[in-house]
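A quick write-up on the structure given underneath.
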Amino acid sequence: RCFCLANTKMNSTNLIVDSYEEALAKNIVIVSLGLIINFINGMLLVTFFSNPMFSRDSRYILYIHLVINDMLMICISVTLYVLTYASYFVNASLCYTLVFLGTATFMVTPLNLAGMAIERFIAICKPLHHSQTCTPRRTHIFICLIWVIGAIPSLADILILLSAQPMSLFRSTVLCYTFSLFPSKQHKDRITASQVICMSLVWIILIYTYCRVLFTARKAVSKGSANKARSTILLHGVQLLLCMLSYITPVMDMFVIPFFPVDRTKITFFNYLMTNIMPRLLSPLIYGVRDQKFLKQMKEYFTCKVIIVKIMPSKL
C-alpha cells in the first residue's frame, strides 16, 4: 500500500502509547526531513526551469516530473503523519482527498520510471527515431496518461463509496487510514491486484530495455553513450526497489514487533523513516547529481544567485 497511507494506521495507534516528548520528537524529525527533501527537490525544479534547453528534452521532462511527484508525495505523507498526531479524527473530505492523491502519486512513480527507461531505450537502440518519437508534446501526453492510470484505482474506490454511502459521510470525521476508510476485503484485493500488475509491468519493461541496451552496447563502436544508458536503466531499477520498500514495512512490523513489543512504536517509526522517507531523499540525488549537464547548470545558477545576493547589500 501507499507508504503515506500505511503509516497512518501506525500513527493512529501511536497516539495512545507515545509520550508527548516522543511524539513531538518524531514529528520534528519527519517534518524536518520532509522540508529538507523538498528544498533539494525545489533546487532541482528551479534548475530545470532556469534553462529552456531542459524543457525541450523528454529525458529531463520525465525526470522533473518524477521530482514534482516526489515533492507532492512527501507533502501528503508528512501532512497525514502530523494529522494523525494532532487529531485522532480528521474531516472525511480532507482525509479522502489526501488518500486519493497519496495513492495516485505512489502509483505514478513506477510508471514514470518505466517511461524514463523506454526513453533511454529508444535513444540508444533506435536513435534515428528518437527525435520524432520522444517529443516534448508526446512526453506531456504520456505524463497525463500515467496520471490517469495512477488515479483509476483510487477513483474506482471513491465511486464505489459514493454509491454505497450517503453524502453526509464526507461531512463527518473519520480515522484517517486506509483500513478505516475502505475496510472491505474487495478493496484490499483491488489494491493488491492493481499494484502487483503495475509493478510487474514496470519490472518487465526495465529488464527488457536493460537487456536490449546491453546488447547494443556490446555491438557499438562507440560504447560510451550506450554504457551510460545501461547504467541509467540500472539506476531506474534501484529507484524502483527503493519505491517497493514501502511494501515490506507491514511485513517487517509483523515479524520484528512480536520480539520487541515494548519498542513497538519506535520500530514502526524507524521502518517508516527508512522505507518511505529516506528513499525520497536518495531519489533526486541519484539522477540530478549524476547528470553532468544538469549538475553544471545547477551550480552555475545558484552560484550566480549567491554572488548577486552578496553584492547587492554591499552596494547598498
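Ligands are numbered from 1 in the order shown, residues from 1 within each chain, and chains are lettered A, B, ... in the order they appear in the C-alpha cells.
With only C-alpha atoms taken into account, the protein and nucleic acid residues at most 12 Å from Arg190 in chain A (excluding it and anything under 6 positions from it in its own chain) are Arg1, Ile152, Pro153, Ser154, Leu155, Ala156, Asp157, Phe182, Ser184, Val196 and Ile197 of chain A.
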Can you write out the residues you just picked, keeping C-alpha atoms, as an mmCIF file, in the first residue's frame?
data_model
loop_
_atom_site.group_PDB
_atom_site.id
_atom_site.type_symbol
_atom_site.label_atom_id
_atom_site.label_comp_id
_atom_site.auth_asym_id
_atom_site.auth_seq_id
_atom_site.Cartn_x
_atom_site.Cartn_y
_atom_site.Cartn_z
ATOM 1 C CA ARG A 1 0.000 0.000 0.000
ATOM 2 C CA ILE A 152 -8.016 4.840 -11.653
ATOM 3 C CA PRO A 153 -7.790 2.511 -8.572
ATOM 4 C CA SER A 154 -8.464 5.336 -6.110
ATOM 5 C CA LEU A 155 -11.169 6.825 -8.306
ATOM 6 C CA ALA A 156 -12.894 3.447 -8.500
ATOM 7 C CA ASP A 157 -12.871 3.182 -4.689
ATOM 8 C CA PHE A 182 -12.029 1.201 2.905
ATOM 9 C CA SER A 184 -13.849 -4.252 2.749
ATOM 10 C CA VAL A 196 1.045 -6.236 -8.494
ATOM 11 C CA ILE A 197 0.076 -5.694 -12.145
#
Counting only C-alpha atoms, which residues of range 30-112 of chain A fall within 12 Å of range 162-173 of chain A, and what is the closest atom pair for each with its distance in Å at one decimal, ordered by chain and rising number, as a Markdown table?
| residue | atom | partner | partner_atom | distance |
| --- | --- | --- | --- | --- |
| A:Ser87 | CA | A:Thr173 | CA | 10.2 |
| A:Tyr88 | CA | A:Thr173 | CA | 9.4 |
| A:Phe89 | CA | A:Thr173 | CA | 5.6 |
| A:Val90 | CA | A:Thr173 | CA | 5.1 |
| A:Asn91 | CA | A:Thr173 | CA | 4.4 |
| A:Ala92 | CA | A:Phe170 | CA | 4.9 |
| A:Ser93 | CA | A:Phe170 | CA | 4.9 |
| A:Leu94 | CA | A:Phe170 | CA | 8.5 |
| A:Cys95 | CA | A:Thr173 | CA | 8.8 |
| A:Tyr96 | CA | A:Phe170 | CA | 8.4 |
| A:Thr97 | CA | A:Phe170 | CA | 10.4 |
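The shortest atom-to-atom distance to Tyr210 in chain A, with only C-alpha atoms taken into account, belongs to A:Ile118 out of A:Ile143, A:Ile76, A:Leu62, A:Ile118.
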I need the residues of range 20-216 of chain A that end up classed as strand (DSSP E or B) by DSSP on the backbone, written out as an mmCIF file with N, CA, C and O atoms, in the first residue's frame.
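The file below, part22.cif, is the result:
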data_model
loop_
_atom_site.group_PDB
_atom_site.id
_atom_site.type_symbol
_atom_site.label_atom_id
_atom_site.label_comp_id
_atom_site.auth_asym_id
_atom_site.auth_seq_id
_atom_site.Cartn_x
_atom_site.Cartn_y
_atom_site.Cartn_z
ATOM 1 N N VAL A 90 -10.256 13.000 11.733
ATOM 2 C CA VAL A 90 -9.997 14.014 10.715
ATOM 3 C C VAL A 90 -11.239 14.163 9.845
ATOM 4 O O VAL A 90 -11.986 13.195 9.640
ATOM 5 N N ASN A 91 -11.449 15.374 9.331
ATOM 6 C CA ASN A 91 -12.568 15.598 8.417
ATOM 7 C C ASN A 91 -12.495 14.622 7.253
ATOM 8 O O ASN A 91 -11.446 14.461 6.626
ATOM 9 N N THR A 173 -16.332 13.057 10.602
ATOM 10 C CA THR A 173 -14.913 12.866 10.907
ATOM 11 C C THR A 173 -14.617 11.368 10.943
ATOM 12 O O THR A 173 -15.458 10.571 11.363
ATOM 13 N N VAL A 174 -13.406 11.012 10.509
ATOM 14 C CA VAL A 174 -13.044 9.600 10.406
ATOM 15 C C VAL A 174 -11.619 9.392 10.906
ATOM 16 O O VAL A 174 -10.839 10.335 11.039
#
Review point. Of the residues A:Thr47, A:Thr209, A:Ser180, A:Thr135, which is the one nearest to Ala117 in chain A, using only C-alpha atoms?
Key: A:Thr209
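Considering only C-alpha atoms, the residue among A:Arg59, A:Lys219, A:Arg290, A:Arg230 positioned nearest to His130 in chain A is A:Arg59.
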Review point. Any idea what's packed within 8 Å of range 248-260 of chain A, counting only C-alpha atoms, ignoring anything in its chain fewer than 6 positions away? Could you give it as a list of chain:residue names?
Key: A:Ala6, A:Ile267, A:Thr268, A:Asn271, A:Tyr272, A:Thr275
Study note, to complete from the structure: In Å and to one decimal, CA of Cys134 in chain A is distant from CA of Glu119 in chain A by 6.9 Å
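Checking A:Pro52, A:Ser77, A:Tyr85, A:Ala193 one by one against Pro136 in chain A, counting only C-alpha atoms, you find the shortest gap at A:Pro52.
Neighbours of Leu282 in chain A closer than or equal to 12 Å, with only C-alpha atoms counted and sequence neighbours fewer than 2 positions away skipped, come out as A:Leu33, A:Ile36, A:Ile37, A:Asn38, A:Ile40, A:Asn41, A:Val67, A:Asp70, A:Leu235, A:Val238, A:Gln239, A:Leu240, A:Leu241, A:Leu242, A:Cys243, A:Met274, A:Thr275, A:Asn276, A:Ile277, A:Met278, A:Pro279, A:Arg280, A:Pro284, A:Leu285, A:Ile286, A:Tyr287, A:Gly288, A:Val289, A:Arg290.
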Point to revise | For Phe142 in chain A, the nearest of the candidates A:His129, A:Lys188, A:His65, A:Arg120, counting only C-alpha atoms | key: A:His65
Check your understanding: Rounded to one decimal in Å, what is the spacing between CA of Leu113 in chain A and CA of Trp203 in chain A?
Key -> 9.8 Å
Check your understanding: Between CA of Leu98 in chain A and CA of Gly34 in chain A, what is the distance, to one decimal in Å?
Key -> 16.3 Å
Exercise for review: Rank A:Ile233, A:Ile28, A:Met71, A:Val99 by their smallest atom-to-atom distance to Gly42 in chain A, using only C-alpha atoms, and report the top residue only.
Suggested key: A:Met71
**Study point:** Near-Cys144 in chain A list (12 Å; only C-alpha atoms; drop same-chain fewer than 6 positions) as a PyMOL selection string
**Key:** chain A and resi 62+65+108+111-112+137-138+150-151
